[in-house]
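Q: Structure incoming, see below.
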Amino acid sequence: MSNIEIMKLEDVVSVLNGIKLENIVFWIGAGIDCDGCTGLPLGGELTQFILREACGEEGAKNIMKTWKSRKENMGKFLHGGSIIEDFPRLETIIEAVRHYESEQLKHISLIEGLRSFSVRFHHYNLSHHILAKCLYSGANIVTTNYGDFICQAYKDMYGQESIRLENNELYTYSNNKNDAKIYHIHGISEDIFTIGASLSKVKNKLPDSFKRKVREWFENKYIIFLGYGGVDNLDVNPMLLSLREDNVGKVIYVKHSGDDNIAEINTNERRLVTYFDKKIVCPCNTREFLNYFFDHEDLNFNDTEKSGDWKKIFFETAGVFDSDMQMACLLVVSYYLGIPYSQIYSGKDWYRRCLRLKNVSDWCKHYYIFLNSVSEDNSFIKKKEGKYLAKKYSSGLMKSDIYAANGKLKQATEEININKVEKNVNEIILNRGIIQWDNLTYVNRMIQFLSTEYLKIVLKSKRNCFFVCFR
């Protein structure tokens with residue numbers, strides 16, 4: 001495959017001059033909705049905001065402190081490199097918050113605030129306006145954002161009936177002019193339960209129908225990434241990897257930059273473009289790149305007056321967690337992030353504090369206390385909570401969890417229907433699918449058991465060999 005070409009904007013424009021819009025696919029991310037008068041946050045800012053509101057100021061601060069320390073330690077171990085991002089994954093945090101919200105006794109939803117990421121609360125910007133015009137001229141658009149800004153810009157230019165929302169495996173907007181569409185691969189804000197910024201959504205592979213469409217694009221279109229970081233490692237990247245072939249695929253990655261000097265390409269960006277044969281990276285201002293598709297008639301477009309503070313607008317649809325709810329949510333989030341609760345909670349006795357939590361189901365409270373005790377290897381709490389859960393919430397998976405937590409991996413695997421898991425995994429592999437977490441839980445448990453047993457055999461063999469040699 002060819003090497004990555006770093007091109008200045010004027011050189012990329014010369015490439016685009018020979019390409020019709022119908023042969024372009026714009027693949028966009030949060031950088032587009034952050035632009036101009038729309039003013040929505042980028043992923044890092046939204047991640048920190050959700051953490052603060054869900055887990056409290058102190059809880060969020062301690063999570064980020066621990067996260068930063070882990071990243072630095074990993075960097076030292078890998079001699080300067082690190083596989084840990086600057087922030088925890090947004091979808092992991094949202095999934096944990098959603099899990100807590102589903103276990104509340106009195107339902108108050110913070111995640112409902114994501115409904116505000118739409119034209120009902122924010123203006124669309126000039127980038128949305130230009131992309132809508134490109135759609136009219138035949139360009140397809142793929143977005144990981146869930147606002148309807150491009151759709152509304154299209155309606156304002158071409159009429160309310162000129163574009164329609166469809167839901168066939170993915171939410172798409174189709175127009176009356178051509179076959180081009182807007183593909184919302186992570187859901188839309190109007191349907192909060194499909195928003196793919198949650199782990200339960202992005203852990204699933206993208207529909208085969210969409211994968212076939214992307215395969216077609218690989219053959220005959222340029223894919224242009226705009227305002228997109230390339231960190232969708234659970235759905236987008238596996239799909240693109242499966243489509244990678246020699247001499248197929250053309251990509252232009254617009255790396256947002258204040259100038260057109262050669263910019264350092266980070267790990268995520270490099271991985272993203274390597275799925276394509278012809279790879280161009282263009283360091284420039286994203287808005288300046290879109291100006292190539294800019295008509296003189298658009299010069300009067302007002303893109304300076306912001307809708308308002310997105311954080312305040314967020315709470316027009318979101319509920320507010322009180323301190324007790326933040327403590328309960330922190331119990332779930334800490335486990336999802338693999339950070340023991342005792343490392344985050346500054347109080348001396350986190351266990352007693354958690355036992356007093358109110359707006360959370362009994363199962364959720366005791367189960368996540370148990371899991372956190374396992375993470376920090378607190379034998380007293382682990383034993384006490386394990387007995388409570390085994391007695392009150394007896395199930396095969398629960399028993400397996402408790403056995404595994406106490407190092408009884410043989411008993412843990414005996415609670416698993418191995419034949420059923422094997423059948424499910426074989427079908428997924430046969431269809432070239434992705435093994436989802438419902439099956440991976442069991443697979444990982446069996447791998448853990450087999451690995452441990454193998455190490456026991458190896459160590460026993462070496463020990464016997466040592467004694468033989470010693471004699």
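Residue numbering restarts at 1 for every chain of the structure tokens, chains are lettered A, B, ... in their displayed order, and ligands are numbered from 1 as they appear.
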Just the residues within 10 Å of region 397-411 of chain A, please, counting only C-alpha atoms, with nothing from its chain fewer than 6 positions along; format it as a list in words.
A: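 So the residues in contact are Tyr367, Phe370, Leu371, Ser373, Val374, Ser375, Asp377, Ser379, Lys382, Lys383, Glu385, Gly386, Lys387, Leu389, Ala390, Lys391, Thr441, Tyr442, Arg445, Met446, Gln448, Phe449, Leu450, Thr452 and Glu453 of chain A.
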Q: With N, CA and C atoms kept, could you save the residues just selected as a tab-separated table (two decimals), in the first residue's frame?
A:
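To be explicit, this is the file written out as selection_27.tsv:
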```
chain	number	residue	atom	x	y	z
A	367	TYR	N	-24.22	-5.36	44.11
A	367	TYR	CA	-23.43	-5.98	43.05
A	367	TYR	C	-22.18	-5.14	42.75
A	370	PHE	N	-19.70	-5.25	45.51
A	370	PHE	CA	-18.97	-6.51	45.39
A	370	PHE	C	-17.88	-6.42	44.32
A	371	LEU	N	-18.22	-5.90	43.14
A	371	LEU	CA	-17.25	-5.80	42.05
A	371	LEU	C	-16.10	-4.88	42.40
A	373	SER	N	-15.01	-4.32	45.42
A	373	SER	CA	-14.19	-5.00	46.44
A	373	SER	C	-13.26	-6.01	45.78
A	374	VAL	N	-13.72	-6.60	44.67
A	374	VAL	CA	-12.87	-7.52	43.91
A	374	VAL	C	-11.72	-6.74	43.28
A	375	SER	N	-12.03	-5.55	42.71
A	375	SER	CA	-11.01	-4.73	42.05
A	375	SER	C	-9.89	-4.34	43.00
A	377	ASP	N	-9.30	-5.98	45.82
A	377	ASP	CA	-8.94	-7.19	46.56
A	377	ASP	C	-9.17	-7.03	48.06
A	379	SER	N	-10.82	-8.64	50.82
A	379	SER	CA	-11.39	-9.97	51.09
A	379	SER	C	-12.59	-9.91	52.03
A	382	LYS	N	-15.59	-8.51	49.98
A	382	LYS	CA	-15.85	-9.48	48.91
A	382	LYS	C	-16.60	-10.70	49.46
A	383	LYS	N	-16.16	-11.21	50.59
A	383	LYS	CA	-16.80	-12.39	51.19
A	383	LYS	C	-18.21	-12.07	51.66
A	385	GLU	N	-20.29	-9.49	50.79
A	385	GLU	CA	-21.22	-9.15	49.71
A	385	GLU	C	-21.48	-10.34	48.79
A	386	GLY	N	-20.47	-11.20	48.62
A	386	GLY	CA	-20.66	-12.40	47.81
A	386	GLY	C	-21.72	-13.31	48.39
A	387	LYS	N	-21.70	-13.49	49.71
A	387	LYS	CA	-22.72	-14.31	50.38
A	387	LYS	C	-24.10	-13.70	50.23
A	389	LEU	N	-25.23	-11.66	47.82
A	389	LEU	CA	-25.70	-11.77	46.44
A	389	LEU	C	-26.07	-13.20	46.08
A	390	ALA	N	-25.27	-14.16	46.52
A	390	ALA	CA	-25.53	-15.57	46.21
A	390	ALA	C	-26.85	-16.03	46.83
A	391	LYS	N	-27.17	-15.50	47.99
A	391	LYS	CA	-28.39	-15.89	48.68
A	391	LYS	C	-29.63	-15.20	48.09
A	441	THR	N	-18.16	-12.41	27.64
A	441	THR	CA	-18.09	-12.60	29.09
A	441	THR	C	-17.80	-14.06	29.41
A	442	TYR	N	-18.52	-14.95	28.75
A	442	TYR	CA	-18.33	-16.38	28.98
A	442	TYR	C	-17.01	-16.86	28.39
A	445	ARG	N	-14.15	-15.81	30.57
A	445	ARG	CA	-14.12	-16.60	31.80
A	445	ARG	C	-13.46	-17.96	31.54
A	446	MET	N	-13.77	-18.59	30.40
A	446	MET	CA	-13.18	-19.89	30.08
A	446	MET	C	-11.70	-19.76	29.75
A	448	GLN	N	-9.71	-17.49	30.93
A	448	GLN	CA	-9.06	-17.24	32.22
A	448	GLN	C	-8.82	-18.56	32.95
A	449	PHE	N	-9.81	-19.43	32.93
A	449	PHE	CA	-9.70	-20.74	33.60
A	449	PHE	C	-8.62	-21.59	32.94
A	450	LEU	N	-8.67	-21.69	31.60
A	450	LEU	CA	-7.72	-22.54	30.88
A	450	LEU	C	-6.28	-22.02	31.02
A	452	THR	N	-5.05	-20.24	33.50
A	452	THR	CA	-4.60	-20.49	34.87
A	452	THR	C	-4.21	-21.95	35.06
A	453	GLU	N	-5.04	-22.86	34.53
A	453	GLU	CA	-4.75	-24.28	34.66
A	453	GLU	C	-3.45	-24.64	33.92
```
Q: Using only C-alpha atoms, which residue out of A:Ile185, A:Leu131, A:Ile94, A:Val214 lies closest to Asp235 (chain A)?
A: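 The answer is A:Ile185, which sits nearest to Asp235 (chain A).
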Q: Can you tell me how far CA of Tyr368 (chain A) sits from CA of Pro88 (chain A), in Å to one decimal?
A: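 Computing it gives 19.3 Å between the two atoms.
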Q: Please provide as a ChimeraX atom specification all residues within 12 Å of region 63-74 of chain A, with the sequence filter that same-chain residues fewer than 5 positions apart are discarded (counting only C-alpha atoms).
A: /A:44,47-49,51-52,55-58,79-89,93,330-331,333-346
Q: Those same residues - C-alpha atoms - I'd like them written as a short mmCIF file (atom, residue, chain, number, x, y, z; two decimals), in the first residue's frame.
A:
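The result, stored in out.cif:
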```
data_model
loop_
_atom_site.label_atom_id
_atom_site.label_comp_id
_atom_site.auth_asym_id
_atom_site.auth_seq_id
_atom_site.Cartn_x
_atom_site.Cartn_y
_atom_site.Cartn_z
CA GLY A 44 -13.03 15.58 25.59
CA THR A 47 -16.61 13.58 28.63
CA GLN A 48 -15.41 15.77 31.50
CA PHE A 49 -18.80 17.48 31.76
CA LEU A 51 -18.22 12.90 34.56
CA ARG A 52 -18.67 16.00 36.76
CA CYS A 55 -20.07 11.62 39.73
CA GLY A 56 -19.64 15.00 41.41
CA GLU A 57 -16.77 17.47 41.23
CA GLU A 58 -14.49 15.56 43.57
CA HIS A 79 9.20 3.97 26.57
CA GLY A 80 7.25 7.07 25.58
CA GLY A 81 4.25 5.53 23.85
CA SER A 82 0.87 4.79 25.42
CA ILE A 83 -2.26 2.96 24.36
CA ILE A 84 -4.33 4.98 26.85
CA GLU A 85 -6.16 8.05 25.55
CA ASP A 86 -6.12 11.42 27.35
CA PHE A 87 -9.70 10.86 28.57
CA PRO A 88 -11.80 7.80 29.40
CA ARG A 89 -14.04 6.80 26.49
CA ILE A 93 -19.05 6.68 30.86
CA LEU A 330 -19.77 6.84 40.90
CA LEU A 331 -20.02 3.28 42.24
CA VAL A 333 -18.68 4.37 36.78
CA SER A 334 -15.64 3.42 38.87
CA TYR A 335 -16.11 -0.25 38.03
CA TYR A 336 -16.69 0.43 34.32
CA LEU A 337 -13.41 2.34 34.21
CA GLY A 338 -11.54 -0.27 36.24
CA ILE A 339 -10.71 2.18 39.04
CA PRO A 340 -11.49 0.85 42.56
CA TYR A 341 -13.97 3.05 44.42
CA SER A 342 -11.55 3.42 47.34
CA GLN A 343 -9.11 5.25 45.02
CA ILE A 344 -11.76 7.84 44.12
CA TYR A 345 -13.78 8.35 47.31
CA SER A 346 -11.83 10.46 49.77
#
```
